[in-house]
Amino acid sequence: MSDASDFPPALSLTQHFTPPEGYAGTFGWLCGYSADAAFLDDAVERFTGQMFSGRANAGTIALAVMLDPGNEQIRPVEAPGILHVGLCKQAPFKLLHAKVAVLGFQHHTEPHNWQIRLLVSTGNWTRDSLERSLDLVWRIDLDGADLHALRSEQRRVDLSAAWQMLHWLRGHFDFRALYGTSGAGKAGQSHLAADRVESWLRTVTATVHGTTLPPRYFDNRMQGLLAQLPTMVRQQGGAFSRNYLAMGSGFYESANDATCIPGVLKKIQVALDEADLLTAKAEVDVFVNPLACQAVHSGMPGLQRAGWSVRAAATPPAFGSAPRELHAKFIFSANYRPSSDACLRPWLYLGSGNLTEPGIVEKMRTGGGNLEAGVVFAPQRLVWRRARGQPSVQMVSEVLPVQWQEGGIEDVTTLSPGGNMPERPVLFLAPPLAYLVWRENEEGGWLATDVEATGEFELLDSAAHPCPVDTCGRYIWSSAQPREVVLRWRVADKTLIAAVPVIDEHGRIAGTPLLPIELEEAWGLLLRFPLPPDDDDDVPGDKRQRGNKKDGHGGTPSPAARYCIRSMMELIENIATKQTALREPNWQAWCHRLEQCLMQAAGSDVVLNFARLAFNPLSPLWQVPFRPDFAATSDSPAGRTYEEALARIEEAWCVNELAAIGATA
């Protein structure tokens, strides 16, 4: 949702992950009932601008996903850039049903400029939401430059309220892999990106301290959504009585033998009536999936006696012509006048809570109410019908799955109760270890952990056998470096398995093996920073066939030596030019990419030939003129980060003990 419209543009749910023009996705958090790899892979590709292979090679997490434990694990190798974290404490809810995302974006060339996006969805993060479901999403975008502007106050309050819930929820999930360190003990790029976005969110929250403006976002951690609804309506839409009420839901209460109005629908109408938000003879419509409407089917006699209409949900034009099933949960109310097309004093609830007891009536509790979230807002410029010359207004039926062309359903035989909300077993919980670190030597490699396990487990090798452990507690791995490994453990009388990512020496999480590259390729990867590498550069190809470039010692340098000197000096000059122009917010990420790319080139012809000259080619990069002012010396954290990276590169190149260029004997 932008300042120009109360409804987001007509986009698919994954398209809302696309960065604003000039920005790149930095990091985001999602929670939801369910998700699948197909949806998340599409979302993270849009968010980062990187295709599957590029994300797999980068080994960087861009989206952290918290799901109900009934969802199967989504592994990073299935959707690179995604980290599906498991519940690590007793759930304080029956189901994690809230569907909320907070996404952070940073400007390509002005890193101090950032934007944060909030999505509150009625749909799950699944392919089904894209292709079959009829769902709604509410969105706001906040620009960092607007932090203290009066026009952004409402959005800041909304975002702060939603982030408060997500921040609380994170405490129940295992985020150790995101914040794990590499074998060298340094924080990875994923950790740094998450911290950067979280710092923006803290800044947003700080700006709303003391404000009396109520948020449009709400959840049911302390009270059921329905108990809060009348107050939310008064705050956002005003204390006015409306003569029209529409209710729609993907699920209603379980079908039963009663012939009265379904209890939750009646509770909603009574709560609004008692709060003087409905007129005495308000028109009430209930929108359903005719083939799956649960208690509405059996309650048709009671609904008809009360004068309520049951109508089939309609697909707004923006969804196209393909048939879809109502999954959105909404309550809409407004004033209607036969003599006017204007939709007067409207308000709308949309969110995750179905019109059921656990969904909208109960507060969150273990084994009882779900965790639900939604928004209540008062849309502007809505009309029942559009007259000529009104291009800037929207019809109610264009933004909600409602219709009045067809009459209400009278014949109960045209309805079917369908299935109820499915029960599902626990499929994924946080394993005892969240990740392992890969280390290797000339004989092979092993997996180690730098965190304490939360219980006993077995680590399975590539043949699904328990992995041998040496006397130092390291897991000996007999094959190539894995991107993930499988743990097996028991909870009560049940055996669980889960894949956990492997973190390499660069802090990459579940990254594909880094292939050796030539120095020219390394500069190509550095050149685009802070943008991701081109797709063609995501996974470097086989090393080029090298000629015999060995040079003798002393005398006139051979052509190979002259070539390597020129190439190396061009690289050093290019690096200096690039990094002295960088802004501080991008510095840590730059140091990561510099170290990784140059270490990949440790075996290149240019590096090997230059080392034979007995000089350290990286020595100029230590000097102040080759560094930005904020990292000019080791007196600053930025300077220390840079020097630590340079030292590791020099060691990998085997030049750390050679003379500096220009040094005199």
# chains A, B, ... in the order shown; residues from 1 in each chain; ligands from 1
>>> closest_atom_pairs(of="range 330-435 of chain A", to="range 296-318 of chain A", cutoff="9 Å", atoms="only C-alpha atoms", output="CSV")
residue,atom,partner,partner_atom,distance
A:Ser397,CA,A:Pro316,CA,6.3
A:Glu398,CA,A:Pro316,CA,5.0
A:Val399,CA,A:Pro316,CA,6.4
A:Leu400,CA,A:Pro316,CA,6.7
A:Pro401,CA,A:Ala314,CA,4.7
A:Val402,CA,A:Ala314,CA,5.2
A:Gln403,CA,A:Ala314,CA,5.8
A:Trp404,CA,A:Arg311,CA,8.1
A:Glu406,CA,A:Arg311,CA,7.9
A:Gly407,CA,A:Arg311,CA,7.3
A:Gly408,CA,A:Arg311,CA,4.9
A:Ile409,CA,A:Val310,CA,5.5
A:Glu410,CA,A:Val310,CA,7.9
A:Asp411,CA,A:Met300,CA,8.9
A:Val412,CA,A:Met300,CA,6.7
A:Thr413,CA,A:His297,CA,8.8
A:Leu415,CA,A:His297,CA,6.1
A:Ser416,CA,A:His297,CA,6.2
A:Pro417,CA,A:His297,CA,5.5
>>> atom_distance(atom1="CA of Thr577 in chain A", atom2="CA of Thr48 in chain A")
25.9 Å
>>> residues_around(residues="Val485 in chain A", least_positions_apart="6", cutoff="10 Å", atoms="only C-alpha atoms", output="list in words")
Tyr435, Leu436, Leu447, Leu459, Leu460, Asp461, Ser462, Ala464, Ala498, Ala499, Val500, Pro501, Val502 and Ala510 of chain A
>>> write_last_selection(atoms="N, CA, C and O atoms", output="PDB file, in the first residue's frame")
ATOM      1  N   TYR A 435      23.874 -26.052  12.760  1.00  0.00           N
ATOM      2  CA  TYR A 435      24.804 -26.020  11.625  1.00  0.00           C
ATOM      3  C   TYR A 435      26.103 -26.699  12.036  1.00  0.00           C
ATOM      4  O   TYR A 435      26.346 -26.947  13.228  1.00  0.00           O
ATOM      5  N   LEU A 436      26.922 -27.002  11.052  1.00  0.00           N
ATOM      6  CA  LEU A 436      28.283 -27.465  11.296  1.00  0.00           C
ATOM      7  C   LEU A 436      29.238 -26.657  10.442  1.00  0.00           C
ATOM      8  O   LEU A 436      28.837 -26.075   9.423  1.00  0.00           O
ATOM      9  N   LEU A 447      33.918 -32.172   9.919  1.00  0.00           N
ATOM     10  CA  LEU A 447      32.865 -31.251  10.333  1.00  0.00           C
ATOM     11  C   LEU A 447      32.972 -31.047  11.833  1.00  0.00           C
ATOM     12  O   LEU A 447      33.127 -32.011  12.588  1.00  0.00           O
ATOM     13  N   LEU A 459      24.896 -37.824  13.393  1.00  0.00           N
ATOM     14  CA  LEU A 459      25.146 -37.160  12.116  1.00  0.00           C
ATOM     15  C   LEU A 459      25.356 -38.244  11.075  1.00  0.00           C
ATOM     16  O   LEU A 459      26.228 -39.105  11.232  1.00  0.00           O
ATOM     17  N   LEU A 460      24.554 -38.230  10.027  1.00  0.00           N
ATOM     18  CA  LEU A 460      24.603 -39.281   9.017  1.00  0.00           C
ATOM     19  C   LEU A 460      25.527 -38.883   7.877  1.00  0.00           C
ATOM     20  O   LEU A 460      25.526 -37.735   7.421  1.00  0.00           O
ATOM     21  N   ASP A 461      26.310 -39.842   7.397  1.00  0.00           N
ATOM     22  CA  ASP A 461      27.201 -39.564   6.273  1.00  0.00           C
ATOM     23  C   ASP A 461      26.439 -39.668   4.953  1.00  0.00           C
ATOM     24  O   ASP A 461      25.213 -39.830   4.941  1.00  0.00           O
ATOM     25  N   SER A 462      27.157 -39.579   3.839  1.00  0.00           N
ATOM     26  CA  SER A 462      26.502 -39.565   2.529  1.00  0.00           C
ATOM     27  C   SER A 462      25.807 -40.887   2.215  1.00  0.00           C
ATOM     28  O   SER A 462      24.968 -40.950   1.319  1.00  0.00           O
ATOM     29  N   ALA A 464      24.054 -42.444   4.594  1.00  0.00           N
ATOM     30  CA  ALA A 464      23.033 -42.503   5.642  1.00  0.00           C
ATOM     31  C   ALA A 464      23.447 -43.365   6.821  1.00  0.00           C
ATOM     32  O   ALA A 464      22.601 -43.894   7.554  1.00  0.00           O
ATOM     33  N   ALA A 498      16.482 -34.082  10.111  1.00  0.00           N
ATOM     34  CA  ALA A 498      16.480 -32.757   9.490  1.00  0.00           C
ATOM     35  C   ALA A 498      17.848 -32.509   8.890  1.00  0.00           C
ATOM     36  O   ALA A 498      18.858 -33.038   9.359  1.00  0.00           O
ATOM     37  N   ALA A 499      17.868 -31.704   7.850  1.00  0.00           N
ATOM     38  CA  ALA A 499      19.127 -31.290   7.234  1.00  0.00           C
ATOM     39  C   ALA A 499      19.581 -29.985   7.881  1.00  0.00           C
ATOM     40  O   ALA A 499      18.767 -29.088   8.126  1.00  0.00           O
ATOM     41  N   VAL A 500      20.868 -29.880   8.167  1.00  0.00           N
ATOM     42  CA  VAL A 500      21.417 -28.634   8.705  1.00  0.00           C
ATOM     43  C   VAL A 500      22.508 -28.152   7.754  1.00  0.00           C
ATOM     44  O   VAL A 500      23.237 -28.949   7.158  1.00  0.00           O
ATOM     45  N   PRO A 501      22.635 -26.848   7.571  1.00  0.00           N
ATOM     46  CA  PRO A 501      23.617 -26.331   6.619  1.00  0.00           C
ATOM     47  C   PRO A 501      25.039 -26.453   7.145  1.00  0.00           C
ATOM     48  O   PRO A 501      25.278 -26.483   8.355  1.00  0.00           O
ATOM     49  N   VAL A 502      25.966 -26.492   6.215  1.00  0.00           N
ATOM     50  CA  VAL A 502      27.397 -26.472   6.527  1.00  0.00           C
ATOM     51  C   VAL A 502      27.925 -25.079   6.196  1.00  0.00           C
ATOM     52  O   VAL A 502      27.652 -24.543   5.116  1.00  0.00           O
ATOM     53  N   ALA A 510      25.661 -23.221   3.358  1.00  0.00           N
ATOM     54  CA  ALA A 510      25.203 -24.180   2.340  1.00  0.00           C
ATOM     55  C   ALA A 510      25.585 -23.736   0.934  1.00  0.00           C
ATOM     56  O   ALA A 510      24.845 -23.949  -0.024  1.00  0.00           O
TER      57      ALA A 510
END
>>> residues_around(residues="Val393 in chain A", least_positions_apart="4", cutoff="9 Å", atoms="only C-alpha atoms", output="ChimeraX atom specification")
/A:380-383,386
>>> write_last_selection(atoms="N, CA and C atoms", output="PDB file, in the first residue's frame")
ATOM      1  N   GLN A 380      -9.907   4.692   1.244  1.00  0.00           N
ATOM      2  CA  GLN A 380     -10.468   5.918   0.679  1.00  0.00           C
ATOM      3  C   GLN A 380     -10.733   5.716  -0.819  1.00  0.00           C
ATOM      4  N   ARG A 381     -11.540   6.608  -1.372  1.00  0.00           N
ATOM      5  CA  ARG A 381     -11.810   6.634  -2.814  1.00  0.00           C
ATOM      6  C   ARG A 381     -12.389   5.313  -3.325  1.00  0.00           C
ATOM      7  N   LEU A 382     -13.239   4.700  -2.504  1.00  0.00           N
ATOM      8  CA  LEU A 382     -13.937   3.488  -2.925  1.00  0.00           C
ATOM      9  C   LEU A 382     -15.340   3.839  -3.390  1.00  0.00           C
ATOM     10  N   VAL A 383     -15.806   3.144  -4.432  1.00  0.00           N
ATOM     11  CA  VAL A 383     -17.168   3.331  -4.917  1.00  0.00           C
ATOM     12  C   VAL A 383     -17.804   1.966  -5.127  1.00  0.00           C
ATOM     13  N   ARG A 386     -18.462   2.532 -10.659  1.00  0.00           N
ATOM     14  CA  ARG A 386     -17.667   3.639 -11.176  1.00  0.00           C
ATOM     15  C   ARG A 386     -18.430   4.362 -12.269  1.00  0.00           C
TER      16      ARG A 386
END
>>> residues_around(residues="range 606-616 of chain A", least_positions_apart="2", cutoff="7 Å", atoms="only C-alpha atoms", output="ChimeraX atom specification")
/A:519,550,561,564-565,568,602-604,618-619,655-656,658-661
>>> write_last_selection(atoms="N, CA, C and O atoms", output="PDB file, in the first residue's frame")
ATOM      1  N   LEU A 519      42.832 -14.403 -11.902  1.00  0.00           N
ATOM      2  CA  LEU A 519      42.766 -13.093 -11.276  1.00  0.00           C
ATOM      3  C   LEU A 519      41.821 -12.160 -12.027  1.00  0.00           C
ATOM      4  O   LEU A 519      41.124 -11.349 -11.421  1.00  0.00           O
ATOM      5  N   LYS A 550      56.502 -19.856 -16.452  1.00  0.00           N
ATOM      6  CA  LYS A 550      57.514 -19.773 -15.419  1.00  0.00           C
ATOM      7  C   LYS A 550      58.679 -18.922 -15.896  1.00  0.00           C
ATOM      8  O   LYS A 550      59.099 -18.994 -17.038  1.00  0.00           O
ATOM      9  N   ALA A 561      56.547 -13.005 -16.680  1.00  0.00           N
ATOM     10  CA  ALA A 561      56.711 -12.188 -15.483  1.00  0.00           C
ATOM     11  C   ALA A 561      56.206 -10.776 -15.716  1.00  0.00           C
ATOM     12  O   ALA A 561      55.552 -10.180 -14.855  1.00  0.00           O
ATOM     13  N   CYS A 564      52.449 -10.832 -15.576  1.00  0.00           N
ATOM     14  CA  CYS A 564      51.865 -10.977 -14.244  1.00  0.00           C
ATOM     15  C   CYS A 564      52.046  -9.695 -13.440  1.00  0.00           C
ATOM     16  O   CYS A 564      51.175  -9.317 -12.655  1.00  0.00           O
ATOM     17  N   ILE A 565      53.180  -8.985 -13.628  1.00  0.00           N
ATOM     18  CA  ILE A 565      53.382  -7.714 -12.924  1.00  0.00           C
ATOM     19  C   ILE A 565      52.316  -6.710 -13.359  1.00  0.00           C
ATOM     20  O   ILE A 565      51.688  -6.047 -12.531  1.00  0.00           O
ATOM     21  N   MET A 568      48.833  -7.780 -12.067  1.00  0.00           N
ATOM     22  CA  MET A 568      48.690  -7.617 -10.625  1.00  0.00           C
ATOM     23  C   MET A 568      48.575  -6.143 -10.244  1.00  0.00           C
ATOM     24  O   MET A 568      47.742  -5.753  -9.421  1.00  0.00           O
ATOM     25  N   ALA A 602      43.807 -17.792  -5.485  1.00  0.00           N
ATOM     26  CA  ALA A 602      45.122 -18.053  -4.891  1.00  0.00           C
ATOM     27  C   ALA A 602      46.005 -18.918  -5.789  1.00  0.00           C
ATOM     28  O   ALA A 602      47.231 -18.798  -5.770  1.00  0.00           O
ATOM     29  N   GLY A 603      45.402 -19.785  -6.577  1.00  0.00           N
ATOM     30  CA  GLY A 603      46.191 -20.658  -7.445  1.00  0.00           C
ATOM     31  C   GLY A 603      46.285 -20.183  -8.876  1.00  0.00           C
ATOM     32  O   GLY A 603      46.717 -20.944  -9.754  1.00  0.00           O
ATOM     33  N   SER A 604      45.909 -18.934  -9.154  1.00  0.00           N
ATOM     34  CA  SER A 604      45.932 -18.444 -10.529  1.00  0.00           C
ATOM     35  C   SER A 604      47.358 -18.236 -11.020  1.00  0.00           C
ATOM     36  O   SER A 604      48.307 -18.068 -10.242  1.00  0.00           O
ATOM     37  N   LEU A 618      50.232  -7.606  -2.396  1.00  0.00           N
ATOM     38  CA  LEU A 618      49.118  -6.971  -1.688  1.00  0.00           C
ATOM     39  C   LEU A 618      49.577  -5.885  -0.724  1.00  0.00           C
ATOM     40  O   LEU A 618      48.745  -5.174  -0.144  1.00  0.00           O
ATOM     41  N   SER A 619      50.864  -5.730  -0.560  1.00  0.00           N
ATOM     42  CA  SER A 619      51.373  -4.778   0.434  1.00  0.00           C
ATOM     43  C   SER A 619      50.891  -3.349   0.218  1.00  0.00           C
ATOM     44  O   SER A 619      50.637  -2.633   1.203  1.00  0.00           O
ATOM     45  N   VAL A 655      52.189 -15.186   0.503  1.00  0.00           N
ATOM     46  CA  VAL A 655      53.040 -14.009   0.293  1.00  0.00           C
ATOM     47  C   VAL A 655      53.196 -13.206   1.571  1.00  0.00           C
ATOM     48  O   VAL A 655      53.806 -12.130   1.564  1.00  0.00           O
ATOM     49  N   ASN A 656      52.658 -13.716   2.681  1.00  0.00           N
ATOM     50  CA  ASN A 656      52.651 -12.938   3.915  1.00  0.00           C
ATOM     51  C   ASN A 656      54.037 -12.716   4.493  1.00  0.00           C
ATOM     52  O   ASN A 656      54.244 -11.780   5.273  1.00  0.00           O
ATOM     53  N   LEU A 658      56.777 -12.333   2.477  1.00  0.00           N
ATOM     54  CA  LEU A 658      57.621 -11.733   1.447  1.00  0.00           C
ATOM     55  C   LEU A 658      57.731 -10.222   1.668  1.00  0.00           C
ATOM     56  O   LEU A 658      56.944  -9.607   2.381  1.00  0.00           O
ATOM     57  N   ALA A 659      58.723  -9.644   1.028  1.00  0.00           N
ATOM     58  CA  ALA A 659      58.990  -8.217   1.181  1.00  0.00           C
ATOM     59  C   ALA A 659      57.874  -7.394   0.546  1.00  0.00           C
ATOM     60  O   ALA A 659      57.294  -7.779  -0.472  1.00  0.00           O
ATOM     61  N   ALA A 660      57.607  -6.251   1.164  1.00  0.00           N
ATOM     62  CA  ALA A 660      56.629  -5.337   0.598  1.00  0.00           C
ATOM     63  C   ALA A 660      57.176  -4.690  -0.659  1.00  0.00           C
ATOM     64  O   ALA A 660      58.392  -4.488  -0.795  1.00  0.00           O
ATOM     65  N   ILE A 661      56.304  -4.382  -1.592  1.00  0.00           N
ATOM     66  CA  ILE A 661      56.728  -3.697  -2.812  1.00  0.00           C
ATOM     67  C   ILE A 661      57.283  -2.321  -2.435  1.00  0.00           C
ATOM     68  O   ILE A 661      56.673  -1.573  -1.679  1.00  0.00           O
TER      69      ILE A 661
END
>>> closest_atom_pairs(of="range 194-253 of chain A", to="range 359-364 of chain A", cutoff="6 Å", atoms="only C-alpha atoms", output="CSV")
residue,atom,partner,partner_atom,distance
A:Asn220,CA,A:Lys363,CA,5.0
A:Arg221,CA,A:Met364,CA,5.1
A:Gln223,CA,A:Lys363,CA,4.8
A:Gly224,CA,A:Lys363,CA,3.9
A:Leu225,CA,A:Ile360,CA,5.1
A:Leu226,CA,A:Val361,CA,5.3
>>> select_by_dssp(residues="range 224-339 of chain A", states="helix (DSSP H, G or I)", output="PyMOL selection string")
chain A and resi 225-237+263-274+295-298+300-305+317-319
>>> write_last_selection(atoms="N, CA and C atoms", output="mmCIF file, in the first residue's frame")
data_model
loop_
_atom_site.group_PDB
_atom_site.id
_atom_site.type_symbol
_atom_site.label_atom_id
_atom_site.label_comp_id
_atom_site.auth_asym_id
_atom_site.auth_seq_id
_atom_site.Cartn_x
_atom_site.Cartn_y
_atom_site.Cartn_z
ATOM 1 N N LEU A 225 -8.687 -11.519 18.184
ATOM 2 C CA LEU A 225 -8.879 -10.450 17.192
ATOM 3 C C LEU A 225 -10.260 -9.825 17.307
ATOM 4 N N LEU A 226 -11.278 -10.641 17.546
ATOM 5 C CA LEU A 226 -12.636 -10.102 17.614
ATOM 6 C C LEU A 226 -12.794 -9.160 18.802
ATOM 7 N N ALA A 227 -12.164 -9.479 19.931
ATOM 8 C CA ALA A 227 -12.263 -8.604 21.097
ATOM 9 C C ALA A 227 -11.666 -7.229 20.817
ATOM 10 N N GLN A 228 -10.707 -7.170 19.926
ATOM 11 C CA GLN A 228 -10.060 -5.900 19.594
ATOM 12 C C GLN A 228 -10.738 -5.175 18.434
ATOM 13 N N LEU A 229 -11.557 -5.896 17.676
ATOM 14 C CA LEU A 229 -12.065 -5.354 16.421
ATOM 15 C C LEU A 229 -12.872 -4.056 16.587
ATOM 16 N N PRO A 230 -13.852 -3.967 17.502
ATOM 17 C CA PRO A 230 -14.612 -2.712 17.598
ATOM 18 C C PRO A 230 -13.729 -1.493 17.880
ATOM 19 N N THR A 231 -12.762 -1.645 18.780
ATOM 20 C CA THR A 231 -11.861 -0.521 19.069
ATOM 21 C C THR A 231 -11.036 -0.162 17.849
ATOM 22 N N MET A 232 -10.539 -1.170 17.144
ATOM 23 C CA MET A 232 -9.765 -0.918 15.933
ATOM 24 C C MET A 232 -10.603 -0.164 14.903
ATOM 25 N N VAL A 233 -11.864 -0.554 14.762
ATOM 26 C CA VAL A 233 -12.740 0.102 13.781
ATOM 27 C C VAL A 233 -12.958 1.564 14.166
ATOM 28 N N ARG A 234 -13.250 1.822 15.440
ATOM 29 C CA ARG A 234 -13.453 3.214 15.869
ATOM 30 C C ARG A 234 -12.207 4.053 15.618
ATOM 31 N N GLN A 235 -11.035 3.479 15.927
ATOM 32 C CA GLN A 235 -9.797 4.232 15.772
ATOM 33 C C GLN A 235 -9.486 4.535 14.319
ATOM 34 N N GLN A 236 -9.757 3.586 13.445
ATOM 35 C CA GLN A 236 -9.357 3.750 12.050
ATOM 36 C C GLN A 236 -10.480 4.286 11.163
ATOM 37 N N GLY A 237 -11.714 3.896 11.455
ATOM 38 C CA GLY A 237 -12.812 4.288 10.579
ATOM 39 C C GLY A 237 -13.818 5.228 11.195
ATOM 40 N N GLY A 263 -21.895 -19.835 14.926
ATOM 41 C CA GLY A 263 -21.671 -19.052 16.135
ATOM 42 C C GLY A 263 -20.714 -17.885 15.972
ATOM 43 N N VAL A 264 -19.607 -18.070 15.259
ATOM 44 C CA VAL A 264 -18.615 -17.008 15.132
ATOM 45 C C VAL A 264 -19.162 -15.865 14.286
ATOM 46 N N LEU A 265 -19.879 -16.177 13.224
ATOM 47 C CA LEU A 265 -20.476 -15.119 12.405
ATOM 48 C C LEU A 265 -21.454 -14.287 13.244
ATOM 49 N N LYS A 266 -22.228 -14.961 14.071
ATOM 50 C CA LYS A 266 -23.164 -14.237 14.935
ATOM 51 C C LYS A 266 -22.405 -13.370 15.939
ATOM 52 N N LYS A 267 -21.311 -13.882 16.486
ATOM 53 C CA LYS A 267 -20.523 -13.114 17.457
ATOM 54 C C LYS A 267 -19.953 -11.844 16.824
ATOM 55 N N ILE A 268 -19.529 -11.937 15.576
ATOM 56 C CA ILE A 268 -18.997 -10.756 14.888
ATOM 57 C C ILE A 268 -20.078 -9.706 14.735
ATOM 58 N N GLN A 269 -21.269 -10.147 14.278
ATOM 59 C CA GLN A 269 -22.379 -9.203 14.068
ATOM 60 C C GLN A 269 -22.806 -8.578 15.396
ATOM 61 N N VAL A 270 -22.860 -9.368 16.458
ATOM 62 C CA VAL A 270 -23.277 -8.850 17.768
ATOM 63 C C VAL A 270 -22.247 -7.866 18.313
ATOM 64 N N ALA A 271 -20.962 -8.192 18.181
ATOM 65 C CA ALA A 271 -19.916 -7.305 18.693
ATOM 66 C C ALA A 271 -19.966 -5.945 18.009
ATOM 67 N N LEU A 272 -20.183 -5.939 16.709
ATOM 68 C CA LEU A 272 -20.256 -4.672 15.977
ATOM 69 C C LEU A 272 -21.544 -3.919 16.304
ATOM 70 N N ASP A 273 -22.625 -4.663 16.478
ATOM 71 C CA ASP A 273 -23.907 -4.038 16.803
ATOM 72 C C ASP A 273 -23.852 -3.406 18.192
ATOM 73 N N GLU A 274 -23.300 -4.117 19.167
ATOM 74 C CA GLU A 274 -23.220 -3.590 20.526
ATOM 75 C C GLU A 274 -22.295 -2.388 20.614
ATOM 76 N N ALA A 295 -19.759 -24.884 8.271
ATOM 77 C CA ALA A 295 -21.005 -24.692 9.025
ATOM 78 C C ALA A 295 -21.993 -23.765 8.330
ATOM 79 N N VAL A 296 -21.553 -23.002 7.353
ATOM 80 C CA VAL A 296 -22.501 -22.155 6.621
ATOM 81 C C VAL A 296 -23.523 -23.030 5.891
ATOM 82 N N HIS A 297 -23.067 -24.209 5.467
ATOM 83 C CA HIS A 297 -23.973 -25.139 4.773
ATOM 84 C C HIS A 297 -25.123 -25.541 5.682
ATOM 85 N N SER A 298 -24.806 -26.024 6.876
ATOM 86 C CA SER A 298 -25.864 -26.473 7.782
ATOM 87 C C SER A 298 -26.619 -25.303 8.401
ATOM 88 N N MET A 300 -27.653 -22.617 6.893
ATOM 89 C CA MET A 300 -28.446 -21.853 5.928
ATOM 90 C C MET A 300 -29.849 -21.500 6.426
ATOM 91 N N PRO A 301 -30.573 -22.407 7.070
ATOM 92 C CA PRO A 301 -31.916 -22.015 7.555
ATOM 93 C C PRO A 301 -31.868 -20.830 8.514
ATOM 94 N N GLY A 302 -30.912 -20.837 9.442
ATOM 95 C CA GLY A 302 -30.798 -19.733 10.386
ATOM 96 C C GLY A 302 -30.392 -18.445 9.708
ATOM 97 N N LEU A 303 -29.493 -18.522 8.749
ATOM 98 C CA LEU A 303 -29.072 -17.334 8.012
ATOM 99 C C LEU A 303 -30.237 -16.735 7.230
ATOM 100 N N GLN A 304 -31.057 -17.602 6.636
ATOM 101 C CA GLN A 304 -32.202 -17.118 5.857
ATOM 102 C C GLN A 304 -33.255 -16.490 6.758
ATOM 103 N N ARG A 305 -33.468 -17.098 7.930
ATOM 104 C CA ARG A 305 -34.447 -16.516 8.862
ATOM 105 C C ARG A 305 -34.013 -15.129 9.319
ATOM 106 N N PRO A 317 -11.004 -8.705 -11.199
ATOM 107 C CA PRO A 317 -10.386 -8.757 -12.531
ATOM 108 C C PRO A 317 -8.872 -8.896 -12.511
ATOM 109 N N ALA A 318 -8.212 -8.353 -11.490
ATOM 110 C CA ALA A 318 -6.749 -8.396 -11.448
ATOM 111 C C ALA A 318 -6.215 -9.819 -11.370
ATOM 112 N N PHE A 319 -7.042 -10.783 -10.935
ATOM 113 C CA PHE A 319 -6.592 -12.161 -10.802
ATOM 114 C C PHE A 319 -6.672 -12.929 -12.117
#
>>> select_by_dssp(residues="range 68-239 of chain A", states="strand (DSSP E)", output="ChimeraX atom specification")
/A:82-85,100-107,114-121,133-134,137-143,217-219
>>> residues_around(residues="Ala631 in chain A", least_positions_apart="3", cutoff="9 Å", atoms="only C-alpha atoms", output="CSV table (one decimal) with N, CA, C and O atoms, in the first residue's frame")
chain,number,residue,atom,x,y,z
A,584,GLU,N,30.6,3.6,4.1
A,584,GLU,CA,30.8,2.8,5.3
A,584,GLU,C,29.8,1.7,5.4
A,584,GLU,O,30.1,0.5,5.8
A,587,TRP,N,30.9,-1.5,3.8
A,587,TRP,CA,32.3,-1.9,3.9
A,587,TRP,C,32.5,-3.3,4.4
A,587,TRP,O,33.3,-4.0,3.8
A,624,VAL,N,47.6,3.9,3.7
A,624,VAL,CA,46.4,4.8,3.8
A,624,VAL,C,45.8,5.3,2.5
A,624,VAL,O,44.6,5.3,2.4
A,627,ARG,N,43.0,3.1,1.0
A,627,ARG,CA,41.9,2.8,1.8
A,627,ARG,C,41.0,4.0,2.0
A,627,ARG,O,41.5,5.1,2.0
A,628,PRO,N,39.7,3.8,2.3
A,628,PRO,CA,38.8,4.9,2.6
A,628,PRO,C,39.1,5.5,3.9
A,628,PRO,O,39.7,4.8,4.8
A,634,SER,N,44.0,0.7,11.7
A,634,SER,CA,43.4,-0.3,12.6
A,634,SER,C,42.8,0.3,13.8
A,634,SER,O,42.3,-0.4,14.7
A,635,ASP,N,42.8,1.6,14.0
A,635,ASP,CA,42.1,2.3,15.1
A,635,ASP,C,40.6,2.2,15.0
A,635,ASP,O,39.9,2.4,16.1
A,636,SER,N,40.1,1.9,13.8
A,636,SER,CA,38.6,1.8,13.7
A,636,SER,C,38.2,0.4,13.5
A,636,SER,O,39.0,-0.4,12.9
A,637,PRO,N,37.0,0.0,13.8
A,637,PRO,CA,36.5,-1.4,13.6
A,637,PRO,C,36.5,-1.7,12.1
A,637,PRO,O,36.9,-2.8,11.7
A,638,ALA,N,36.2,-0.7,11.2
A,638,ALA,CA,36.3,-0.9,9.8
A,638,ALA,C,37.7,-1.2,9.3
A,638,ALA,O,37.9,-2.1,8.5
A,639,GLY,N,38.6,-0.5,9.9
A,639,GLY,CA,40.0,-0.8,9.5
A,639,GLY,C,40.5,-2.1,10.0
A,639,GLY,O,41.3,-2.8,9.3
A,640,ARG,N,40.1,-2.5,11.2
A,640,ARG,CA,40.5,-3.8,11.7
A,640,ARG,C,39.9,-5.0,10.8
A,640,ARG,O,40.6,-6.0,10.5
A,641,THR,N,38.6,-4.8,10.5
A,641,THR,CA,38.0,-5.8,9.6
A,641,THR,C,38.8,-6.0,8.3
A,641,THR,O,39.0,-7.1,7.8
A,642,TYR,N,39.2,-4.9,7.7
A,642,TYR,CA,39.9,-4.9,6.4
A,642,TYR,C,41.3,-5.5,6.6
A,642,TYR,O,41.6,-6.4,5.8
>>> residues_around(residues="Val65 in chain A", least_positions_apart="4", cutoff="9 Å", atoms="only C-alpha atoms", output="list in words")
Gly28, Trp29, Leu30, Cys31, Gly32, Ala35, Ile82, Leu83, His84, Val85 and Gly86 of chain A
